[in-house]
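Trainee: So here's coords.csv (CSV, C-alpha atoms).
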```csv
chain,number,residue,atom,x,y,z
J,86,MET,CA,-10.9,5.4,-25.0
J,87,THR,CA,-7.2,5.4,-23.9
J,88,ARG,CA,-5.0,8.0,-25.6
J,89,ILE,CA,-1.7,6.8,-26.9
J,90,ASP,CA,0.8,9.6,-27.7
J,91,ARG,CA,3.6,9.5,-30.1
J,92,ARG,CA,6.2,9.0,-27.4
J,93,GLU,CA,4.5,6.0,-25.9
J,94,LEU,CA,3.9,4.4,-29.3
J,95,LEU,CA,7.5,4.9,-30.4
J,96,ARG,CA,8.7,3.4,-27.1
J,97,GLY,CA,6.4,0.4,-27.3
J,98,GLY,CA,7.2,-0.3,-31.0
J,99,LEU,CA,10.9,0.0,-30.5
J,100,ALA,CA,10.8,-2.2,-27.5
J,101,LEU,CA,9.6,-5.0,-29.8
J,102,GLY,CA,11.8,-4.1,-32.8
J,103,CYS,CA,15.1,-3.4,-31.0
J,104,SER,CA,14.9,-5.7,-28.1
J,105,ALA,CA,18.0,-7.7,-29.1
J,106,ALA,CA,20.2,-4.6,-29.2
J,107,ALA,CA,18.7,-2.6,-26.4
J,108,SER,CA,17.8,-5.6,-24.1
J,109,PRO,CA,14.9,-3.9,-22.2
J,110,LEU,CA,13.8,-5.7,-19.1
J,111,LEU,CA,10.1,-5.1,-18.5
J,112,THR,CA,8.0,-5.9,-15.5
J,113,PRO,CA,4.3,-6.2,-16.1
J,114,MET,CA,1.9,-4.9,-13.5
J,115,ALA,CA,-1.6,-6.1,-12.7
J,116,PHE,CA,-4.6,-4.1,-11.5
J,117,ALA,CA,-8.2,-4.6,-10.7
J,118,SER,CA,-10.9,-2.2,-9.6
J,119,ALA,CA,-13.1,-3.0,-6.7
J,120,PRO,CA,-16.0,-1.4,-4.7
J,121,TRP,CA,-13.9,-0.5,-1.7
J,122,ASP,CA,-12.2,2.7,-0.6
J,123,ASN,CA,-9.1,0.8,0.9
J,124,ARG,CA,-6.2,-0.1,-1.4
J,125,LEU,CA,-4.0,-3.2,-1.4
J,126,VAL,CA,-0.6,-3.3,-3.1
J,127,VAL,CA,1.4,-6.6,-3.2
J,128,ILE,CA,5.1,-6.3,-4.2
J,129,VAL,CA,6.8,-9.6,-5.1
J,130,LEU,CA,10.5,-9.4,-4.2
J,131,ARG,CA,11.8,-11.9,-6.7
J,132,GLY,CA,15.0,-13.8,-5.9
J,133,ALA,CA,14.5,-14.6,-2.2
J,134,MET,CA,15.2,-11.6,0.0
J,135,ASP,CA,17.4,-12.4,3.0
J,136,GLY,CA,15.2,-11.4,5.9
J,137,LEU,CA,17.9,-12.1,8.4
J,138,ASP,CA,20.0,-9.3,6.9
J,139,VAL,CA,17.1,-6.9,6.2
J,140,VAL,CA,15.6,-7.3,9.7
J,141,ARG,CA,18.6,-8.3,11.8
J,142,ALA,CA,18.0,-10.1,15.1
J,143,VAL,CA,20.8,-8.2,16.8
J,144,GLY,CA,19.5,-9.3,20.2
J,145,ASP,CA,20.1,-13.0,19.3
J,146,PRO,CA,23.7,-13.9,20.4
J,147,ALA,CA,23.9,-16.6,17.7
J,148,LEU,CA,23.6,-14.1,14.8
J,149,ALA,CA,27.2,-12.8,14.8
J,150,ALA,CA,28.7,-16.3,14.8
J,151,LEU,CA,26.6,-17.4,11.9
J,152,ARG,CA,27.4,-14.3,9.9
J,153,PRO,CA,30.8,-12.9,10.9
J,154,THR,CA,31.6,-11.2,7.7
J,155,LEU,CA,28.1,-9.9,6.9
J,156,MET,CA,27.5,-8.6,10.4
J,157,GLY,CA,31.0,-7.3,10.7
J,158,LYS,CA,30.5,-5.1,7.7
J,159,ALA,CA,27.0,-4.0,8.7
J,160,ALA,CA,26.8,-0.3,9.7
J,161,PRO,CA,24.1,0.6,12.2
J,162,GLY,CA,20.9,1.4,10.5
J,163,ALA,CA,18.6,4.3,11.2
J,164,ILE,CA,15.7,2.1,12.2
J,165,ASP,CA,16.2,0.6,15.7
J,166,ALA,CA,13.5,-1.9,16.8
J,167,GLY,CA,15.2,-3.1,20.0
J,168,PHE,CA,15.8,-6.8,19.5
J,169,PHE,CA,15.9,-6.1,15.8
J,170,ALA,CA,17.7,-3.5,13.7
J,171,PHE,CA,16.9,-2.8,10.0
J,172,HIS,CA,19.5,-2.8,7.2
J,173,GLN,CA,20.9,0.7,6.5
J,174,GLY,CA,19.6,0.4,2.9
J,175,LEU,CA,16.1,1.2,4.4
J,176,ASP,CA,17.3,4.3,6.3
J,177,ARG,CA,15.2,6.7,4.2
J,178,LEU,CA,12.1,4.9,5.5
J,179,ALA,CA,12.9,5.9,9.1
J,180,PRO,CA,10.3,8.7,9.1
J,181,MET,CA,7.7,6.3,7.7
J,182,TRP,CA,8.7,3.9,10.6
J,183,ALA,CA,8.4,6.7,13.1
J,184,ARG,CA,4.9,7.5,11.9
J,185,GLY,CA,3.9,3.9,12.3
J,186,GLU,CA,3.5,3.3,8.5
J,187,PHE,CA,6.4,0.8,7.9
J,188,GLY,CA,7.2,-2.4,9.7
J,189,ALA,CA,8.0,-6.1,9.3
J,190,VAL,CA,6.9,-9.6,10.1
J,191,HIS,CA,9.7,-12.1,10.8
J,192,ALA,CA,10.1,-15.9,10.6
J,193,VAL,CA,7.3,-16.4,8.0
J,194,SER,CA,7.1,-18.5,4.8
J,195,THR,CA,4.7,-20.1,2.5
J,196,PRO,CA,4.2,-23.9,2.8
J,197,TYR,CA,6.9,-24.4,0.2
J,198,ARG,CA,9.7,-26.6,1.6
J,199,ASP,CA,13.1,-28.1,0.9
J,200,LYS,CA,13.6,-27.9,-2.9
J,201,ARG,CA,14.4,-24.2,-2.7
J,202,SER,CA,13.8,-23.5,-6.4
J,203,HIS,CA,13.1,-19.8,-7.3
J,204,PHE,CA,10.5,-20.8,-9.9
J,205,ASP,CA,8.6,-23.3,-7.7
J,206,GLY,CA,8.8,-21.0,-4.7
J,207,GLN,CA,7.5,-18.0,-6.7
J,208,ASP,CA,4.7,-20.1,-8.1
J,209,MET,CA,3.7,-21.2,-4.6
J,210,LEU,CA,3.9,-17.6,-3.4
J,211,GLU,CA,1.7,-16.3,-6.2
J,212,ALA,CA,-0.7,-19.2,-6.4
J,213,GLY,CA,-1.1,-19.2,-2.7
J,214,THR,CA,-1.8,-22.9,-2.4
J,215,PRO,CA,0.1,-26.1,-3.1
J,216,GLY,CA,-1.0,-27.8,-6.4
J,217,ALA,CA,-2.4,-24.6,-7.9
J,218,ALA,CA,0.8,-23.3,-9.5
J,219,GLY,CA,0.2,-22.3,-13.1
J,220,THR,CA,-3.6,-21.9,-12.8
J,221,GLU,CA,-4.6,-18.8,-10.9
J,222,GLY,CA,-3.3,-16.5,-8.2
J,223,TRP,CA,-4.6,-15.7,-4.7
J,224,LEU,CA,-5.3,-12.1,-5.4
J,225,ASN,CA,-7.5,-13.2,-8.3
J,226,ARG,CA,-9.3,-15.7,-6.1
J,227,MET,CA,-9.9,-12.9,-3.7
J,228,LEU,CA,-11.6,-10.8,-6.4
J,229,GLN,CA,-13.8,-13.8,-7.3
J,230,THR,CA,-15.4,-13.5,-3.9
J,231,VAL,CA,-16.8,-10.1,-4.8
J,232,PRO,CA,-19.5,-9.9,-7.6
J,233,GLY,CA,-19.6,-7.3,-10.3
J,234,LEU,CA,-15.9,-6.3,-10.5
J,235,SER,CA,-14.7,-4.6,-13.7
J,236,ALA,CA,-11.2,-4.6,-15.2
J,237,GLU,CA,-9.4,-1.4,-16.2
J,238,THR,CA,-8.1,-0.8,-19.7
J,239,ALA,CA,-4.3,-1.5,-19.8
J,240,TYR,CA,-1.4,-2.9,-21.9
J,241,ALA,CA,0.9,-5.9,-21.6
J,242,ILE,CA,4.3,-5.7,-23.1
J,243,GLY,CA,7.3,-7.7,-22.0
J,244,ARG,CA,7.7,-10.7,-19.7
J,245,GLU,CA,5.2,-13.4,-18.7
J,246,GLU,CA,2.1,-12.3,-16.9
J,247,MET,CA,2.1,-12.4,-13.1
J,248,LEU,CA,0.3,-15.4,-11.7
J,249,ILE,CA,-0.8,-13.6,-8.5
J,250,LEU,CA,-3.6,-11.8,-10.4
J,251,SER,CA,-4.3,-14.3,-13.1
J,252,GLY,CA,-7.6,-16.2,-13.1
J,253,ARG,CA,-11.3,-15.9,-13.8
J,254,ALA,CA,-11.9,-12.6,-12.2
J,255,ALA,CA,-11.6,-9.5,-14.5
J,256,ALA,CA,-8.2,-7.8,-14.2
J,257,ALA,CA,-6.1,-5.6,-16.5
J,258,ARG,CA,-2.4,-5.6,-17.3
J,259,TRP,CA,0.1,-2.9,-18.1
J,260,ALA,CA,3.9,-2.8,-18.6
J,261,PRO,CA,6.0,0.4,-18.3
J,262,GLU,CA,7.5,2.3,-21.2
J,263,THR,CA,11.1,1.3,-21.7
J,264,ARG,CA,14.2,3.5,-21.6
J,265,LEU,CA,16.1,2.4,-24.7
J,266,ARG,CA,19.8,2.5,-24.9
J,267,LEU,CA,22.0,1.3,-27.7
J,268,THR,CA,25.7,0.7,-26.9
J,269,PRO,CA,28.2,1.7,-29.6
J,270,GLN,CA,28.8,-2.1,-30.2
J,271,GLY,CA,25.0,-2.7,-30.6
J,272,ARG,CA,24.7,0.3,-32.9
J,273,ARG,CA,27.6,-1.0,-35.1
J,274,LEU,CA,26.2,-4.5,-35.2
J,275,LEU,CA,22.8,-3.3,-36.4
J,276,GLU,CA,24.5,-1.2,-39.1
J,277,LEU,CA,26.6,-4.2,-40.3
J,278,VAL,CA,23.7,-6.7,-40.3
J,279,HIS,CA,21.4,-4.4,-42.2
J,280,HIS,CA,23.9,-2.6,-44.5
J,281,GLU,CA,23.1,-4.6,-47.7
J,282,ASP,CA,19.3,-4.3,-47.3
J,283,PRO,CA,18.1,-0.7,-48.0
J,284,LEU,CA,14.7,-1.3,-46.3
J,285,PHE,CA,16.2,-2.6,-43.0
J,286,ARG,CA,19.2,-0.2,-43.3
J,287,ASP,CA,17.0,2.9,-43.5
J,288,THR,CA,14.5,1.7,-40.9
J,289,THR,CA,17.3,0.9,-38.5
J,290,ALA,CA,18.8,4.3,-39.0
J,291,GLN,CA,15.5,6.0,-38.3
J,292,ALA,CA,15.0,3.8,-35.2
J,293,ILE,CA,18.5,4.7,-33.9
J,294,ASP,CA,17.7,8.4,-34.4
J,295,ILE,CA,14.5,8.0,-32.4
J,296,VAL,CA,16.3,6.1,-29.6
J,297,ASP,CA,18.9,8.9,-29.4
J,298,SER,CA,16.1,11.5,-29.3
J,299,LEU,CA,14.2,9.8,-26.5
J,300,ALA,CA,17.3,9.2,-24.5
J,301,ALA,CA,18.2,12.9,-24.8
J,302,GLU,CA,14.7,13.9,-23.6
J,303,ASP,CA,15.0,11.5,-20.7
J,304,GLU,CA,18.4,12.9,-19.6
J,305,ALA,CA,17.1,16.4,-19.9
J,306,GLY,CA,13.8,16.2,-18.2
J,307,ASP,CA,12.8,13.0,-16.5
J,308,GLY,CA,13.4,13.4,-12.8
J,309,GLY,CA,10.5,11.4,-11.4
J,310,MET,CA,7.1,12.4,-10.1
J,311,ALA,CA,6.4,15.5,-8.2
J,312,GLY,CA,6.9,14.8,-4.5
J,313,GLY,CA,9.0,11.8,-5.3
J,314,GLY,CA,12.3,13.5,-4.6
J,315,GLY,CA,13.6,13.2,-8.1
J,316,LEU,CA,13.8,9.5,-8.0
J,317,ARG,CA,14.5,7.6,-11.2
J,318,GLY,CA,14.4,4.1,-12.6
J,319,ASP,CA,12.0,1.5,-13.8
J,320,HIS,CA,10.9,0.6,-10.3
J,321,VAL,CA,9.9,4.3,-9.8
J,322,ARG,CA,7.8,4.2,-13.0
J,323,LEU,CA,6.0,1.1,-11.7
J,324,ALA,CA,5.2,2.9,-8.4
J,325,GLU,CA,4.2,6.1,-10.2
J,326,PHE,CA,1.8,4.3,-12.5
J,327,ALA,CA,0.4,2.1,-9.6
J,328,ALA,CA,-0.2,5.3,-7.6
J,329,SER,CA,-1.9,7.0,-10.5
J,330,ARG,CA,-4.3,4.1,-11.0
J,331,LEU,CA,-5.0,3.6,-7.3
J,332,ARG,CA,-5.9,7.3,-7.0
J,333,GLY,CA,-8.7,6.5,-9.4
J,334,ASP,CA,-10.9,3.4,-9.6
J,335,SER,CA,-8.3,0.7,-9.0
J,336,ARG,CA,-8.1,-0.8,-5.5
J,337,ILE,CA,-5.7,-3.8,-6.1
J,338,ALA,CA,-2.2,-3.6,-7.6
J,339,SER,CA,0.6,-6.1,-7.8
J,340,PHE,CA,4.1,-5.9,-9.4
J,341,SER,CA,7.6,-7.2,-8.7
J,342,ILE,CA,11.0,-6.0,-8.0
J,343,ASN,CA,14.0,-8.2,-8.9
J,344,GLY,CA,17.5,-8.4,-7.6
J,345,TRP,CA,17.2,-10.3,-4.3
J,346,ASP,CA,19.3,-13.4,-5.1
J,347,THR,CA,22.5,-12.7,-3.1
J,348,HIS,CA,24.7,-15.8,-3.4
J,349,GLU,CA,27.8,-13.6,-3.3
J,350,ARG,CA,28.9,-10.1,-2.3
J,351,GLN,CA,25.6,-9.7,-0.5
J,352,SER,CA,26.6,-6.5,1.2
J,353,ALA,CA,26.6,-4.6,-2.1
J,354,GLY,CA,23.7,-6.4,-3.9
J,355,LEU,CA,21.3,-6.3,-1.0
J,356,GLY,CA,22.0,-2.6,-0.4
J,357,ARG,CA,21.1,-1.8,-4.0
J,358,ALA,CA,17.9,-3.8,-3.9
J,359,LEU,CA,16.8,-2.1,-0.6
J,360,GLU,CA,17.5,1.3,-2.2
J,361,ARG,CA,15.1,0.4,-5.0
J,362,LEU,CA,12.5,-0.8,-2.6
J,363,SER,CA,12.8,2.4,-0.6
J,364,ASP,CA,12.4,4.4,-3.8
J,365,THR,CA,9.3,2.4,-4.6
J,366,LEU,CA,7.6,2.9,-1.2
J,367,LEU,CA,8.4,6.6,-1.1
J,368,THR,CA,7.0,7.0,-4.6
J,369,LEU,CA,3.8,5.2,-3.7
J,370,GLU,CA,3.4,7.3,-0.6
J,371,ALA,CA,3.9,10.6,-2.6
J,372,GLY,CA,1.8,9.5,-5.5
J,373,LEU,CA,-1.2,8.3,-3.5
J,374,GLY,CA,-1.5,11.5,-1.4
J,375,THR,CA,-4.4,11.2,1.0
J,376,ALA,CA,-5.2,7.7,-0.3
J,377,TRP,CA,-2.0,6.5,1.4
J,378,ASP,CA,-3.9,6.5,4.7
J,379,ARG,CA,-6.2,3.9,3.3
J,380,THR,CA,-3.4,1.8,1.6
J,381,ALA,CA,-1.7,-1.4,2.7
J,382,VAL,CA,1.5,-2.5,0.9
J,383,LEU,CA,2.8,-6.0,1.4
J,384,CYS,CA,6.3,-6.9,0.3
J,385,VAL,CA,6.7,-10.6,0.0
J,386,THR,CA,9.4,-13.0,-1.3
J,387,GLU,CA,9.4,-16.7,-2.2
J,388,PHE,CA,11.6,-17.9,0.7
J,389,GLY,CA,14.4,-16.7,2.9
J,390,ARG,CA,18.1,-17.5,2.9
J,391,THR,CA,20.5,-19.7,4.9
J,392,ALA,CA,21.2,-18.6,8.5
J,393,ARG,CA,25.0,-19.1,7.8
J,394,GLU,CA,26.8,-16.9,5.3
J,395,ASN,CA,28.7,-18.8,2.6
J,396,GLY,CA,32.3,-18.5,1.5
J,397,THR,CA,31.6,-15.8,-1.1
J,398,GLY,CA,30.2,-13.2,1.2
J,399,GLY,CA,26.6,-14.2,0.4
J,400,THR,CA,23.9,-16.6,1.5
J,401,ASP,CA,22.2,-19.5,-0.2
J,402,HIS,CA,18.5,-20.4,-0.7
J,403,GLY,CA,16.7,-21.0,2.6
J,404,THR,CA,13.2,-21.3,4.1
J,405,GLY,CA,12.0,-18.8,6.7
J,406,GLY,CA,12.3,-15.1,6.0
J,407,ALA,CA,10.6,-11.7,6.5
J,408,MET,CA,7.7,-9.8,5.1
J,409,LEU,CA,7.9,-6.0,4.9
J,410,TYR,CA,4.8,-3.9,5.0
J,411,ALA,CA,3.9,-0.2,4.6
J,412,GLY,CA,0.9,2.1,4.3
J,413,GLY,CA,-1.3,4.3,6.5
J,414,ALA,CA,-3.9,1.5,6.8
J,415,LEU,CA,-1.4,-0.7,8.7
J,416,ARG,CA,0.1,-0.4,12.2
J,417,GLY,CA,3.8,-0.1,11.6
J,418,GLY,CA,6.7,0.9,13.8
J,419,ARG,CA,6.9,-2.8,14.9
J,420,VAL,CA,8.5,-6.1,14.0
J,421,LEU,CA,5.9,-8.8,14.5
J,422,GLY,CA,6.3,-12.6,14.7
J,423,ASP,CA,7.3,-15.3,17.0
J,424,TRP,CA,11.1,-15.5,17.0
J,425,PRO,CA,12.4,-19.1,16.9
J,426,GLY,CA,16.0,-18.5,17.8
J,427,LEU,CA,19.2,-19.1,15.8
J,428,THR,CA,21.0,-21.9,17.6
J,429,GLU,CA,21.6,-24.9,15.4
J,430,ALA,CA,18.8,-26.9,17.2
J,431,ASP,CA,16.4,-24.0,16.5
J,432,LEU,CA,17.1,-23.9,12.8
J,433,TYR,CA,15.0,-25.6,10.1
J,434,ASP,CA,17.0,-28.6,8.9
J,435,ARG,CA,19.8,-27.1,11.0
J,436,ARG,CA,20.5,-24.5,8.2
J,437,ASP,CA,17.6,-22.1,7.8
J,438,LEU,CA,15.5,-19.7,9.9
J,439,MET,CA,12.5,-21.7,11.2
J,440,PRO,CA,9.2,-20.4,10.0
J,441,THR,CA,6.8,-19.9,12.9
J,442,ARG,CA,3.8,-18.6,10.9
J,443,ASP,CA,2.4,-18.9,7.4
J,444,LEU,CA,2.9,-15.8,5.4
J,445,ARG,CA,-0.5,-16.3,3.9
J,446,ALA,CA,-2.2,-15.8,7.3
J,447,HIS,CA,-0.9,-12.3,7.5
J,448,ALA,CA,-2.0,-11.5,4.0
J,449,GLY,CA,-5.4,-13.1,4.8
J,450,TRP,CA,-5.9,-10.9,7.9
J,451,VAL,CA,-5.0,-7.8,5.9
J,452,MET,CA,-7.6,-8.6,3.3
J,453,ARG,CA,-10.2,-9.4,6.0
J,454,GLY,CA,-9.5,-6.0,7.7
J,455,LEU,CA,-9.3,-3.9,4.6
J,456,PHE,CA,-12.2,-5.4,2.6
J,457,GLY,CA,-14.3,-7.1,5.2
J,458,LEU,CA,-14.0,-10.6,3.6
J,459,ASP,CA,-15.5,-13.4,5.5
J,460,ARG,CA,-13.0,-15.7,7.3
J,461,ALA,CA,-14.5,-18.7,5.6
J,462,ALA,CA,-14.1,-17.1,2.2
J,463,ILE,CA,-10.4,-16.6,2.9
J,464,GLU,CA,-9.7,-20.0,4.3
J,465,GLY,CA,-11.8,-21.8,1.8
J,466,GLY,CA,-11.5,-19.8,-1.4
J,467,VAL,CA,-8.6,-17.4,-1.3
J,468,PHE,CA,-6.1,-19.7,0.5
J,469,PRO,CA,-7.8,-23.2,0.4
J,470,GLY,CA,-6.9,-25.2,3.5
J,471,LEU,CA,-5.3,-22.3,5.4
J,472,ASP,CA,-6.0,-21.8,9.1
J,473,LEU,CA,-5.8,-18.1,9.6
J,474,GLY,CA,-5.1,-18.5,13.3
J,475,ALA,CA,-5.2,-15.5,15.6
J,476,ASP,CA,-5.3,-11.9,14.3
J,477,PRO,CA,-1.7,-10.6,14.3
J,478,GLY,CA,-2.9,-7.0,14.6
J,479,LEU,CA,-1.5,-5.6,11.4
J,480,LEU,CA,-4.4,-3.2,10.7
J,481,GLY,CA,-4.3,0.3,12.1
```
When written as structure tokens, how does the structure in this file appear?
Mentor:
Amino acid sequence: MTRIDRRELLRGGLALGCSAAASPLLTPMAFASAPWDNRLVVIVLRGAMDGLDVVRAVGDPALAALRPTLMGKAAPGAIDAGFFAFHQGLDRLAPMWARGEFGAVHAVSTPYRDKRSHFDGQDMLEAGTPGAAGTEGWLNRMLQTVPGLSAETAYAIGREEMLILSGRAAAARWAPETRLRLTPQGRRLLELVHHEDPLFRDTTAQAIDIVDSLAAEDEAGDGGMAGGGGLRGDHVRLAEFAASRLRGDSRIASFSINGWDTHERQSAGLGRALERLSDTLLTLEAGLGTAWDRTAVLCVTEFGRTARENGTGGTDHGTGGAMLYAGGALRGGRVLGDWPGLTEADLYDRRDLMPTRDLRAHAGWVMRGLFGLDRAAIEGGVFPGLDLGADPGLLG
């Protein structure tokens, strides 16, 4: 039986009762236990991460002309990969890179093309096959290839469930507790709306007191997990909880990090998003302990962004992009992929980075190496119709 303490219950109840005033943004997580010792974490970077800015092809002479403002503002990052250089927002991952536990794959995409819709692109990314959007996800289909799997007990509060682990195989869901904050305007609005009704007025007053109490506790004592460097934020909580479950019976975890849609002022927005991703990976590493050596983390996004910057210091929806990866089970310290070039003739539709390999092939080879899945099961069941191609050598 799962124990629910007063703090968790109050947070959960208030998230439902005070959502209009506090506006909590929750990200559900999905887990499934499996009979393997290796772990797989898939992080969906919602909003279309600009792979050309995160993993910069500084060795390609066309890059500076396509992005005069973005590249002009770019400070040298701590991770130098020769032809490529990483965005400085990932500088704290330099030790992980040096140990061979962090890397990237460039010029990849799903089969999704041309319409460049976030929603359709994310459905394709999570379903893993055209025409399966809204039915089941590729991680769930992977679990269906293994008999006798059991789901963990968990909770679901907040947004829609993630498609990537939805399907017939047993899987559990959980969403993090919420840091509730009431602005002075929100507090006053509640008081005015409920003033003439004693029941709602008194209940609202009690709820506000609880919110204030929990907020004070958070400010006083919530500094993140031991070994996590005092990191804070909902993304850190997701990683902490994921690590706690993966240290136990869970072997598969998936969650998402938002904030990658950088149509304008990309230099500021992308830097913040990469800081959150760095927090997440460092927290997973610290929380998993020795299990980190048997863990693969894949950070995937629905599509890349245009090769040219736009007039507002940002980039628009594109096609090819990058996948980031981490974990002791993978061979990092490298940028993999077949670079297509950035001249206008090399670009997809003369505007986007040309994909040179299917993102799903890399995920498929990771699952094959981690869990020993048969190639036919991956190409026929997990990603129907996919040709895995040659092994890219991601596994350590």
Trainee: Calculate how many Å separate atom CA of J:Thr365 from atom CA of J:Gly478, rounding to one decimal.
Mentor: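 The value is 24.6 Å.
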Trainee: Tell me, in Å to one decimal, how far atom CA of J:Thr397 is from atom CA of J:Leu148.
Mentor: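 The value is 17.9 Å.
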Trainee: Stretch 367-437 of chain J near stretch 329-333 of chain J within 12 Å: what's each residue's closest atom pair and its distance in Å to one decimal, counting all atoms listed in the file, ordered by chain then ascending residue number, as a tab-separated table?
Mentor:
```
residue	atom	partner	partner_atom	distance
J:Thr368	CA	J:Ser329	CA	10.7
J:Leu369	CA	J:Ser329	CA	9.1
J:Glu370	CA	J:Ser329	CA	11.2
J:Ala371	CA	J:Ser329	CA	10.4
J:Gly372	CA	J:Ser329	CA	6.7
J:Leu373	CA	J:Arg332	CA	5.9
J:Gly374	CA	J:Arg332	CA	8.3
J:Thr375	CA	J:Arg332	CA	9.0
J:Ala376	CA	J:Arg332	CA	6.7
J:Trp377	CA	J:Arg332	CA	9.3
J:Asp378	CA	J:Arg332	CA	11.9
J:Arg379	CA	J:Leu331	CA	10.7
J:Thr380	CA	J:Leu331	CA	9.2
J:Ala381	CA	J:Leu331	CA	11.7
```
Trainee: For J:Leu155, list every protein, DNA or RNA residue within 7 Å, evaluated using all atoms listed in the file, and leave out those in the same chain fewer than 4 positions away; present the list as a VMD selection string.
Mentor: chain J and resid 159 352 398
Trainee: What's around J:Gly481 at 7 Å? Count only C-alpha atoms, leave out sequence neighbours fewer than 4 positions away in its own chain, and write the answer as a PyMOL selection string.
Mentor: chain J and resi 414-416
Trainee: Hey, can you spit out that residue selection with C-alpha atoms as a compact mmCIF listing (two decimals), in the coordinates of the input?
Mentor:
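The file below, part.txt, is the result:
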```
# COMPACT_ATOMS: atom_id res chain seq x y z
CA ALA J 414 -3.90 1.50 6.80
CA LEU J 415 -1.40 -0.70 8.70
CA ARG J 416 0.10 -0.40 12.20
```
Trainee: Only N, CA and C atoms needed: put stretch 370-385 of chain J from the block into a file as a compact mmCIF listing (two decimals), in the first residue's frame.
Mentor:
```
# COMPACT_ATOMS: atom_id res chain seq x y z
N GLU J 370 21.58 11.66 -12.68
CA GLU J 370 22.87 11.03 -12.40
C GLU J 370 23.09 10.86 -10.90
N ALA J 371 22.83 11.93 -10.14
CA ALA J 371 23.04 11.86 -8.70
C ALA J 371 22.07 10.89 -8.04
N GLY J 372 20.82 10.92 -8.47
CA GLY J 372 19.81 10.08 -7.83
C GLY J 372 19.93 8.61 -8.15
N LEU J 373 20.44 8.28 -9.32
CA LEU J 373 20.55 6.88 -9.72
C LEU J 373 21.76 6.19 -9.10
N GLY J 374 22.75 6.96 -8.69
CA GLY J 374 23.91 6.35 -8.06
C GLY J 374 24.60 5.37 -9.01
N THR J 375 24.88 4.17 -8.52
CA THR J 375 25.57 3.18 -9.34
C THR J 375 24.73 2.70 -10.52
N ALA J 376 23.39 2.87 -10.45
CA ALA J 376 22.52 2.47 -11.56
C ALA J 376 22.71 3.37 -12.78
N TRP J 377 23.32 4.55 -12.60
CA TRP J 377 23.59 5.44 -13.73
C TRP J 377 24.45 4.73 -14.77
N ASP J 378 25.33 3.84 -14.34
CA ASP J 378 26.20 3.12 -15.27
C ASP J 378 25.41 2.19 -16.19
N ARG J 379 24.18 1.86 -15.81
CA ARG J 379 23.34 0.95 -16.60
C ARG J 379 22.12 1.69 -17.16
N THR J 380 22.26 3.01 -17.31
CA THR J 380 21.13 3.85 -17.73
C THR J 380 21.43 4.56 -19.04
N ALA J 381 20.43 4.61 -19.91
CA ALA J 381 20.48 5.39 -21.15
C ALA J 381 19.37 6.43 -21.10
N VAL J 382 19.71 7.69 -21.34
CA VAL J 382 18.74 8.78 -21.37
C VAL J 382 18.73 9.36 -22.78
N LEU J 383 17.57 9.36 -23.43
CA LEU J 383 17.41 9.93 -24.76
C LEU J 383 16.55 11.19 -24.66
N CYS J 384 17.05 12.31 -25.16
CA CYS J 384 16.34 13.58 -25.13
C CYS J 384 15.92 13.91 -26.55
N VAL J 385 14.63 13.82 -26.83
CA VAL J 385 14.12 13.91 -28.20
C VAL J 385 13.12 15.05 -28.32
```
